[in-house]
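Chemist: Have a look at the structure that comes next, please.
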Amino acid sequence: MQKLLQHKTLLLLLLPAMSLITSCQKEFDPKDYSAYLQGEIINPTSNYVLFCKDNEVIDTLFLDENNKFYKKFDSLTPGMYIYKHNPEFQYVYFDKNDSLTLRLNSKDFDHSIIFSGRGAEKNNFLMNLTVKNIMDETEGYSAFDVSPGKFSKRIDSVHAARTTYYLRNKAIINWSEDFDLYAKAKLDLHFYSLKELYPTAHFVRTDEDVRKKLPSDYYAYRKKVNFNDDRLLKYSSFTKYLAIMLNTIVNEPEDEIIPDNKFDKYIDKLNIVDTLIKNPKVKNAIFDNIAFIYLLEDQNLNNNDVFLERYFELSTDKNQHNEIIQIQQAIQNLKYEKKLPEVPLVNAKSEKVSINSIINKKTLMFFWTKNGMAHADAAHQLAAELKSEIPNIDIVSICIDGDQGEWLNIIKKYPAKGIIELRSDDFNQMKDQWIITKIQRSMILDKDGSIVDPFINIFDKNFESLLK
């Protein structure tokens, strides 16, 4: 009897494993590219998840009353995708016929993500690697304080250990070559980025310029990077590394490590990319990105003409040229002593507001989002302090998102007198006409509404002097 019970117990224990093995061995029609994505969002910030490919939205997955979502894709091309739950996003990789269940907590987004189901192992590995990289960045700034030799030794040691971790998982999970491209990029480019950052970070932290003290082979790892694979074009590990590397290259040892004149540096970046990258698709995309960032940073119209002349010489993407020209024209509309173009704004009484009709003092205008409350709180606190110190100015606070009721509930926590609270009623129009691309963006207007400085960070050190 006891042996019979033991056999039954063993059988019950084996049944789930046998079921799992059977499900894993399920065969699919070679023409079947169906896939599943479902999940649960703890503490959601909205009622939907965006599913994207190369930053283009493929589908909107709405949460039910239990904050869960479900989607069957009749045909999903294997590859890397993005899911967004504002204001955060992360990557998910689908092989043919994967069926993934995602669970995350929006209050601890990256650290809480876990996958289950067919295809989960590789995605959990990628998230574990992401979290390890985040921990390096948030906890390791003191590593930049040491000498070049000590820094390289430490970084190379951690890189080697994480490579062992990567190789072990690669052998166990046996993932595809396409997925391996992204996994290896996330692994290597993280450490290459730290190496690129080291000279500048060391200078900022210690006031010592170590660029001429670096070993002759310090940047040898750059030869290992494939700059021509367009699959990495929208992958943040690659784009982040490339941006950091370009900044490093244009700041040669004989130049200032943190230059004041950025105009020539952006011309240099265009020329470097033209030499470094051979794939036209990748090259044009990087050109466009450099042009976009440059136009937001340098508002000298003569510089703009020279820069764009070189950009148009190198870029062969004629469609993107039109977008860059539109950005330039919008920026010209924000130049010194012009007035802001009108955009849809409402006040707490749901009344439409003309921005130019309410300006009669020197005015600070800052922006915030309901999805970034830490920034909103800090900006309001600073604004209240500025109003107290400089009472003869006006301050306009503009929320870029949310509905009227949601916005009214939020601004109850900001009772500071003298701050005019407004809400954007059409952010796309505001974004296009006022070039709002960074939430830290602020503007300073003169008492007649003319523009003093349309591109300034409210947390800049010299910010206060511009208001006096």
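Each chain in the structure tokens gets a letter, A, B and so on, in the order shown; residues start at 1 in every chain, and ligands are counted from 1 in the order they appear.
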Show me, as a count of residues only, the residues that have an atom within 9 Å of region 178-183 of chain A when counting only C-alpha atoms, minus same-chain residues fewer than 6 positions from it.

Modeler: 16

Chemist: Going by DSSP on the backbone, which bits of region 274-404 of chain A are strand (DSSP E or B)? Write them as a list of chain:residue names, please.

Modeler: A:Lys339, A:Leu345, A:Val346, A:Lys352, A:Thr363, A:Leu364, A:Met365, A:Phe366, A:Phe367, A:Trp368, A:Asp394, A:Ile395, A:Val396, A:Ser397, A:Ile398, A:Cys399

Chemist: Write out, as an mmCIF file, in the first residue's frame, the residues just selected, with N, CA, C and O atoms.

Modeler:
```cif
data_model
loop_
_atom_site.group_PDB
_atom_site.id
_atom_site.type_symbol
_atom_site.label_atom_id
_atom_site.label_comp_id
_atom_site.auth_asym_id
_atom_site.auth_seq_id
_atom_site.Cartn_x
_atom_site.Cartn_y
_atom_site.Cartn_z
ATOM 1 N N LYS A 339 7.562 86.772 -30.764
ATOM 2 C CA LYS A 339 6.577 86.309 -29.798
ATOM 3 C C LYS A 339 6.229 84.851 -30.093
ATOM 4 O O LYS A 339 6.350 84.374 -31.228
ATOM 5 N N LEU A 345 -4.234 76.275 -25.044
ATOM 6 C CA LEU A 345 -4.003 76.203 -23.604
ATOM 7 C C LEU A 345 -5.317 76.467 -22.881
ATOM 8 O O LEU A 345 -6.158 77.228 -23.370
ATOM 9 N N VAL A 346 -5.489 75.833 -21.718
ATOM 10 C CA VAL A 346 -6.683 76.084 -20.900
ATOM 11 C C VAL A 346 -6.251 76.339 -19.461
ATOM 12 O O VAL A 346 -5.198 75.875 -19.012
ATOM 13 N N LYS A 352 -10.202 78.867 -22.548
ATOM 14 C CA LYS A 352 -9.070 78.939 -23.462
ATOM 15 C C LYS A 352 -8.221 80.160 -23.120
ATOM 16 O O LYS A 352 -8.746 81.221 -22.793
ATOM 17 N N THR A 363 8.716 86.873 -17.663
ATOM 18 C CA THR A 363 8.016 85.634 -17.321
ATOM 19 C C THR A 363 8.897 84.407 -17.532
ATOM 20 O O THR A 363 9.566 84.259 -18.562
ATOM 21 N N LEU A 364 8.867 83.540 -16.550
ATOM 22 C CA LEU A 364 9.445 82.205 -16.655
ATOM 23 C C LEU A 364 8.326 81.228 -16.976
ATOM 24 O O LEU A 364 7.276 81.237 -16.319
ATOM 25 N N MET A 365 8.529 80.390 -17.984
ATOM 26 C CA MET A 365 7.538 79.378 -18.332
ATOM 27 C C MET A 365 8.219 78.011 -18.301
ATOM 28 O O MET A 365 9.242 77.807 -18.954
ATOM 29 N N PHE A 366 7.663 77.076 -17.515
ATOM 30 C CA PHE A 366 8.241 75.735 -17.464
ATOM 31 C C PHE A 366 7.171 74.697 -17.717
ATOM 32 O O PHE A 366 5.968 74.976 -17.649
ATOM 33 N N PHE A 367 7.607 73.466 -18.020
ATOM 34 C CA PHE A 367 6.709 72.397 -18.446
ATOM 35 C C PHE A 367 6.884 71.177 -17.552
ATOM 36 O O PHE A 367 7.962 70.941 -17.005
ATOM 37 N N TRP A 368 5.820 70.394 -17.430
ATOM 38 C CA TRP A 368 5.887 69.170 -16.642
ATOM 39 C C TRP A 368 4.833 68.185 -17.132
ATOM 40 O O TRP A 368 3.945 68.543 -17.907
ATOM 41 N N ASP A 394 6.584 87.005 -13.442
ATOM 42 C CA ASP A 394 5.485 86.042 -13.464
ATOM 43 C C ASP A 394 6.052 84.667 -13.788
ATOM 44 O O ASP A 394 7.090 84.551 -14.461
ATOM 45 N N ILE A 395 5.373 83.641 -13.322
ATOM 46 C CA ILE A 395 5.781 82.264 -13.608
ATOM 47 C C ILE A 395 4.574 81.498 -14.131
ATOM 48 O O ILE A 395 3.505 81.500 -13.506
ATOM 49 N N VAL A 396 4.746 80.875 -15.290
ATOM 50 C CA VAL A 396 3.687 80.082 -15.909
ATOM 51 C C VAL A 396 4.101 78.624 -15.912
ATOM 52 O O VAL A 396 5.160 78.273 -16.429
ATOM 53 N N SER A 397 3.264 77.800 -15.320
ATOM 54 C CA SER A 397 3.493 76.351 -15.270
ATOM 55 C C SER A 397 2.536 75.678 -16.241
ATOM 56 O O SER A 397 1.322 75.891 -16.166
ATOM 57 N N ILE A 398 3.071 74.855 -17.160
ATOM 58 C CA ILE A 398 2.226 74.209 -18.168
ATOM 59 C C ILE A 398 2.367 72.699 -18.086
ATOM 60 O O ILE A 398 3.461 72.152 -18.259
ATOM 61 N N CYS A 399 1.266 72.031 -17.813
ATOM 62 C CA CYS A 399 1.216 70.561 -17.842
ATOM 63 C C CYS A 399 0.954 70.122 -19.271
ATOM 64 O O CYS A 399 0.024 70.619 -19.923
#
```

Chemist: What is the distance, in Å and to one decimal place, between CA of Lys335 (chain A) and CA of Ile458 (chain A)?

Modeler: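 So the two atoms, CA of Lys335 (chain A) and CA of Ile458 (chain A), lie 18.6 Å apart.
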
Chemist: From the options A:Thr164, A:Ala285, A:Ile359, A:Phe144, which residue's atoms come nearest to Val210 (chain A), counting only C-alpha atoms?

Modeler: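 Of A:Thr164, A:Ala285, A:Ile359, A:Phe144, the one nearest Val210 (chain A) is A:Phe144, counting only C-alpha atoms.
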
Chemist: Write out as number ranges by chain which residues come within 12 Å of Leu334 (chain A) when counting only C-alpha atoms, dropping same-chain ones fewer than 2 positions away.

Modeler: A: 295-296, 299-301, 327-332, 336-342, 432-436, 443-445, 449-455

Chemist: Let me see the file: selected residues, N, CA, C and O atoms, as a short mmCIF file (atom, residue, chain, number, x, y, z; two decimals), in the first residue's frame.

Modeler:
```
data_model
loop_
_atom_site.label_atom_id
_atom_site.label_comp_id
_atom_site.auth_asym_id
_atom_site.auth_seq_id
_atom_site.Cartn_x
_atom_site.Cartn_y
_atom_site.Cartn_z
N LEU A 295 20.02 71.31 -33.80
CA LEU A 295 19.07 72.40 -33.97
C LEU A 295 18.39 72.80 -32.67
O LEU A 295 17.93 73.93 -32.51
N LEU A 296 18.33 71.88 -31.71
CA LEU A 296 17.74 72.20 -30.42
C LEU A 296 18.74 72.88 -29.49
O LEU A 296 18.34 73.51 -28.51
N GLN A 299 21.25 77.99 -31.36
CA GLN A 299 20.24 78.84 -31.99
C GLN A 299 20.84 80.02 -32.72
O GLN A 299 20.19 81.04 -32.92
N ASN A 300 22.10 79.91 -33.12
CA ASN A 300 22.74 80.91 -33.96
C ASN A 300 22.35 80.64 -35.41
O ASN A 300 22.69 79.61 -35.98
N LEU A 301 21.60 81.57 -36.02
CA LEU A 301 21.05 81.31 -37.35
C LEU A 301 22.14 81.15 -38.41
O LEU A 301 21.99 80.35 -39.33
N ILE A 327 11.72 71.67 -38.66
CA ILE A 327 12.22 71.96 -37.31
C ILE A 327 12.99 73.28 -37.32
O ILE A 327 12.82 74.11 -36.43
N GLN A 328 13.82 73.48 -38.34
CA GLN A 328 14.57 74.72 -38.43
C GLN A 328 13.64 75.92 -38.51
O GLN A 328 13.85 76.95 -37.85
N GLN A 329 12.59 75.81 -39.31
CA GLN A 329 11.64 76.92 -39.45
C GLN A 329 10.91 77.18 -38.13
O GLN A 329 10.69 78.34 -37.76
N ALA A 330 10.55 76.11 -37.43
CA ALA A 330 9.89 76.29 -36.13
C ALA A 330 10.81 76.97 -35.14
O ALA A 330 10.38 77.82 -34.36
N ILE A 331 12.09 76.60 -35.17
CA ILE A 331 13.07 77.22 -34.27
C ILE A 331 13.24 78.70 -34.61
O ILE A 331 13.36 79.55 -33.73
N GLN A 332 13.24 79.02 -35.92
CA GLN A 332 13.36 80.42 -36.32
C GLN A 332 12.19 81.25 -35.79
O GLN A 332 12.34 82.44 -35.49
N TYR A 336 15.08 85.12 -30.79
CA TYR A 336 15.09 86.27 -29.87
C TYR A 336 14.23 87.42 -30.38
O TYR A 336 14.28 87.77 -31.56
N GLU A 337 13.41 87.96 -29.49
CA GLU A 337 12.56 89.13 -29.68
C GLU A 337 11.30 88.85 -30.49
O GLU A 337 10.49 89.74 -30.71
N LYS A 338 11.10 87.61 -30.94
CA LYS A 338 9.82 87.26 -31.53
C LYS A 338 8.85 86.86 -30.42
O LYS A 338 9.24 86.64 -29.29
N LYS A 339 7.56 86.77 -30.76
CA LYS A 339 6.58 86.31 -29.80
C LYS A 339 6.23 84.85 -30.09
O LYS A 339 6.35 84.37 -31.23
N LEU A 340 5.80 84.15 -29.05
CA LEU A 340 5.48 82.73 -29.21
C LEU A 340 4.27 82.53 -30.13
O LEU A 340 3.28 83.27 -30.03
N PRO A 341 4.32 81.53 -30.99
CA PRO A 341 3.11 81.16 -31.74
C PRO A 341 2.04 80.70 -30.76
O PRO A 341 2.34 80.07 -29.75
N GLU A 342 0.80 81.01 -31.04
CA GLU A 342 -0.28 80.59 -30.16
C GLU A 342 -0.52 79.08 -30.29
O GLU A 342 -0.51 78.53 -31.39
N ASP A 432 5.22 70.70 -31.84
CA ASP A 432 5.70 71.10 -33.15
C ASP A 432 6.05 72.58 -33.23
O ASP A 432 7.02 72.97 -33.89
N GLN A 433 5.25 73.43 -32.58
CA GLN A 433 5.45 74.87 -32.72
C GLN A 433 6.41 75.45 -31.68
O GLN A 433 7.08 76.45 -31.93
N TRP A 434 6.45 74.82 -30.50
CA TRP A 434 7.35 75.30 -29.45
C TRP A 434 8.56 74.39 -29.28
O TRP A 434 9.40 74.64 -28.43
N ILE A 435 8.66 73.33 -30.07
CA ILE A 435 9.78 72.39 -30.04
C ILE A 435 10.00 71.86 -28.62
O ILE A 435 11.09 71.99 -28.04
N ILE A 436 8.96 71.26 -28.06
CA ILE A 436 9.06 70.68 -26.72
C ILE A 436 9.50 69.23 -26.86
O ILE A 436 8.70 68.35 -27.20
N MET A 443 11.31 78.40 -20.80
CA MET A 443 11.46 79.60 -21.62
C MET A 443 11.43 80.83 -20.73
O MET A 443 10.80 80.83 -19.67
N ILE A 444 12.08 81.88 -21.20
CA ILE A 444 12.00 83.17 -20.53
C ILE A 444 11.49 84.19 -21.55
O ILE A 444 12.02 84.30 -22.66
N LEU A 445 10.44 84.91 -21.18
CA LEU A 445 9.82 85.91 -22.05
C LEU A 445 9.96 87.28 -21.40
O LEU A 445 9.96 87.40 -20.16
N GLY A 449 6.06 90.03 -23.96
CA GLY A 449 5.82 88.71 -24.54
C GLY A 449 6.88 88.26 -25.52
O GLY A 449 6.82 87.13 -26.02
N SER A 450 7.85 89.12 -25.82
CA SER A 450 8.91 88.72 -26.75
C SER A 450 9.84 87.72 -26.09
O SER A 450 10.03 87.70 -24.87
N ILE A 451 10.43 86.89 -26.91
CA ILE A 451 11.26 85.78 -26.41
C ILE A 451 12.64 86.29 -26.00
O ILE A 451 13.32 86.95 -26.77
N VAL A 452 13.04 85.94 -24.79
CA VAL A 452 14.39 86.22 -24.30
C VAL A 452 15.27 84.99 -24.50
O VAL A 452 16.37 85.06 -25.04
N ASP A 453 14.81 83.83 -24.04
CA ASP A 453 15.54 82.57 -24.20
C ASP A 453 14.52 81.43 -24.28
O ASP A 453 13.87 81.11 -23.29
N PRO A 454 14.35 80.81 -25.47
CA PRO A 454 13.34 79.76 -25.61
C PRO A 454 13.86 78.36 -25.30
O PRO A 454 13.08 77.41 -25.28
N PHE A 455 15.17 78.22 -25.10
CA PHE A 455 15.75 76.90 -24.87
C PHE A 455 16.65 76.96 -23.64
O PHE A 455 17.85 77.19 -23.75
#
```

Chemist: Can you list, as a ChimeraX atom specification, every residue of region 184-339 of chain A that DSSP puts in helix (DSSP H, G or I)?

Modeler: /A:184-206,211-213,220-224,230-232,236-250,263-276,280-297,301-314,318-332

Chemist: When you draw a straight line from CA of Phe307 (chain A) to CA of Asn289 (chain A), how long is it in Å?

Modeler: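 About the pair CA of Phe307 (chain A) and CA of Asn289 (chain A): they are 13.3 Å apart.
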
Chemist: Pick the closest to Phe263 (chain A) from A:Asn303, A:Thr101, A:Asn133, A:Gln38: which is it, counting only C-alpha atoms?

Modeler: A:Asn303

Chemist: Work out how far apart CA of Val204 (chain A) and CA of Ser142 (chain A) are and give it in Å to one decimal.

Modeler: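 Separation of CA of Val204 (chain A) and CA of Ser142 (chain A): 11.6 Å.
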
Chemist: I'd like the contact shell of Ala143 (chain A) - 10 Å cut-off, only C-alpha atoms, skipping same-chain residues fewer than 3 positions apart - returned as a PyMOL selection string.

Modeler: chain A and resi 136+139-140+146-147+150-152+154-155+194+198+201-202

Chemist: Restricting the output to C-alpha atoms, write the selected residues as a CSV table (one decimal), in the first residue's frame.

Modeler:
```
chain,number,residue,atom,x,y,z
A,136,ASP,CA,26.5,49.6,-12.6
A,139,GLU,CA,26.2,52.7,-8.0
A,140,GLY,CA,29.5,52.9,-9.8
A,146,VAL,CA,40.6,56.2,-9.9
A,147,SER,CA,43.6,56.2,-12.3
A,150,LYS,CA,42.8,50.9,-12.0
A,151,PHE,CA,39.7,51.8,-13.9
A,152,SER,CA,40.5,49.6,-16.9
A,154,ARG,CA,38.1,46.9,-12.8
A,155,ILE,CA,35.9,47.4,-15.9
A,194,LEU,CA,31.6,53.3,-19.5
A,198,TYR,CA,35.7,57.7,-18.2
A,201,ALA,CA,33.5,61.7,-15.9
A,202,HIS,CA,37.0,61.6,-14.2
```

Chemist: For Ile286 (chain A), which residue out of A:Ala378, A:Met127, A:Ala243, A:Leu197 is the nearest one, using only C-alpha atoms?

Modeler: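 Looking at the shortest contact to Ile286 (chain A), the residue is A:Ala243.
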
Chemist: Set the distance at 9 Å and use only C-alpha atoms: which residues neighbour Tyr219 (chain A) once local chain neighbours fewer than 4 positions away are removed? I'd like the list as a list in words.

Modeler: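 Near Tyr219 (chain A), the qualifying residues are Tyr192, Lys195, Glu196, Pro215 and Lys223 of chain A.
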
Chemist: Any idea what's packed within 9 Å of Val250 (chain A), counting only C-alpha atoms, ignoring anything in its chain fewer than 4 positions away? Could you give it as a PyMOL selection string?

Modeler: chain A and resi 245-246+255+265-266+268-269+272

Chemist: Output the selection as a short mmCIF file (atom, residue, chain, number, x, y, z; two decimals), in the first residue's frame - all heavy atoms for each residue.

Modeler:
```cif
data_model
loop_
_atom_site.label_atom_id
_atom_site.label_comp_id
_atom_site.auth_asym_id
_atom_site.auth_seq_id
_atom_site.Cartn_x
_atom_site.Cartn_y
_atom_site.Cartn_z
N MET A 245 30.37 57.85 -27.83
CA MET A 245 31.63 57.71 -28.56
C MET A 245 31.92 58.94 -29.41
O MET A 245 33.05 59.44 -29.44
CB MET A 245 31.59 56.46 -29.44
CG MET A 245 32.91 56.16 -30.14
SD MET A 245 32.74 55.10 -31.58
CE MET A 245 31.94 56.22 -32.73
N LEU A 246 30.90 59.46 -30.10
CA LEU A 246 31.10 60.64 -30.94
C LEU A 246 31.52 61.84 -30.09
O LEU A 246 32.39 62.62 -30.49
CB LEU A 246 29.82 60.96 -31.71
CG LEU A 246 29.47 60.00 -32.85
CD1 LEU A 246 28.11 60.36 -33.45
CD2 LEU A 246 30.54 59.99 -33.93
N ASP A 255 41.87 69.81 -27.11
CA ASP A 255 40.69 70.66 -26.96
C ASP A 255 40.21 70.68 -25.51
O ASP A 255 40.61 69.85 -24.70
CB ASP A 255 39.55 70.15 -27.85
CG ASP A 255 39.90 70.24 -29.32
OD1 ASP A 255 40.68 71.14 -29.68
OD2 ASP A 255 39.40 69.41 -30.10
N LYS A 265 31.81 71.08 -33.23
CA LYS A 265 31.77 69.67 -32.81
C LYS A 265 30.69 68.90 -33.57
O LYS A 265 30.86 67.72 -33.90
CB LYS A 265 31.53 69.57 -31.31
CG LYS A 265 32.58 70.29 -30.46
CD LYS A 265 33.97 69.77 -30.70
CE LYS A 265 34.99 70.47 -29.82
NZ LYS A 265 36.37 70.06 -30.12
N TYR A 266 29.57 69.55 -33.83
CA TYR A 266 28.50 68.87 -34.56
C TYR A 266 28.87 68.67 -36.03
O TYR A 266 28.50 67.65 -36.63
CB TYR A 266 27.19 69.65 -34.42
CG TYR A 266 26.48 69.37 -33.12
CD1 TYR A 266 26.62 70.21 -32.03
CD2 TYR A 266 25.69 68.24 -32.97
CE1 TYR A 266 25.99 69.95 -30.83
CE2 TYR A 266 25.05 67.95 -31.79
CZ TYR A 266 25.20 68.81 -30.71
OH TYR A 266 24.57 68.54 -29.52
N ASP A 268 31.91 68.18 -36.95
CA ASP A 268 32.86 67.06 -36.83
C ASP A 268 32.11 65.73 -36.73
O ASP A 268 32.54 64.73 -37.33
CB ASP A 268 33.74 67.24 -35.59
CG ASP A 268 34.74 68.38 -35.75
OD1 ASP A 268 34.94 68.83 -36.89
OD2 ASP A 268 35.29 68.82 -34.72
N LYS A 269 31.01 65.71 -35.98
CA LYS A 269 30.25 64.46 -35.83
C LYS A 269 29.70 63.99 -37.16
O LYS A 269 29.72 62.78 -37.47
CB LYS A 269 29.11 64.66 -34.82
CG LYS A 269 29.58 64.78 -33.37
CD LYS A 269 28.40 64.98 -32.44
CE LYS A 269 28.87 65.16 -30.99
NZ LYS A 269 27.74 65.35 -30.05
N ILE A 272 32.61 62.47 -39.06
CA ILE A 272 33.03 61.18 -38.49
C ILE A 272 32.08 60.07 -38.90
O ILE A 272 32.49 58.98 -39.32
CB ILE A 272 33.12 61.27 -36.95
CG1 ILE A 272 34.28 62.19 -36.54
CG2 ILE A 272 33.32 59.88 -36.34
CD1 ILE A 272 34.24 62.60 -35.09
#
```

Chemist: Calculated over only C-alpha atoms, which of the candidates A:Ile293, A:Val49, A:Lys349, A:Gln404 has the smallest distance to Thr437 (chain A)?

Modeler: A:Ile293

Chemist: Using only C-alpha atoms for the distances, tell me which of A:Asp64, A:Ala348, A:Tyr141, A:Glu121 is nearest to Arg205 (chain A).

Modeler: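 Looking at the shortest contact to Arg205 (chain A), the residue is A:Tyr141.
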
Chemist: Give me, as a short mmCIF file (atom, residue, chain, number, x, y, z; two decimals) with N, CA, C and O atoms, in the first residue's frame, all polymer residues having an atom no more than 8 Å from Lys234 (chain A), counting only C-alpha atoms and skipping those fewer than 3 positions away in the same chain.

Modeler:
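out23.cif, written as the output of this step:
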```
data_model
loop_
_atom_site.label_atom_id
_atom_site.label_comp_id
_atom_site.auth_asym_id
_atom_site.auth_seq_id
_atom_site.Cartn_x
_atom_site.Cartn_y
_atom_site.Cartn_z
N ASP A 54 10.40 49.23 -33.77
CA ASP A 54 11.22 50.36 -34.20
C ASP A 54 10.54 51.70 -33.90
O ASP A 54 10.51 52.61 -34.73
N ASN A 55 9.95 51.79 -32.71
CA ASN A 55 9.30 53.00 -32.21
C ASN A 55 7.99 53.34 -32.92
O ASN A 55 7.38 54.38 -32.62
N ARG A 231 19.81 46.50 -37.85
CA ARG A 231 18.92 45.95 -36.81
C ARG A 231 19.14 46.65 -35.47
O ARG A 231 18.25 46.66 -34.62
N PHE A 238 22.90 50.52 -28.56
CA PHE A 238 23.73 50.97 -29.67
C PHE A 238 23.70 52.48 -29.82
O PHE A 238 24.74 53.13 -29.94
N THR A 239 22.51 53.07 -29.82
CA THR A 239 22.41 54.52 -30.04
C THR A 239 23.06 55.30 -28.90
O THR A 239 23.69 56.33 -29.14
#
```
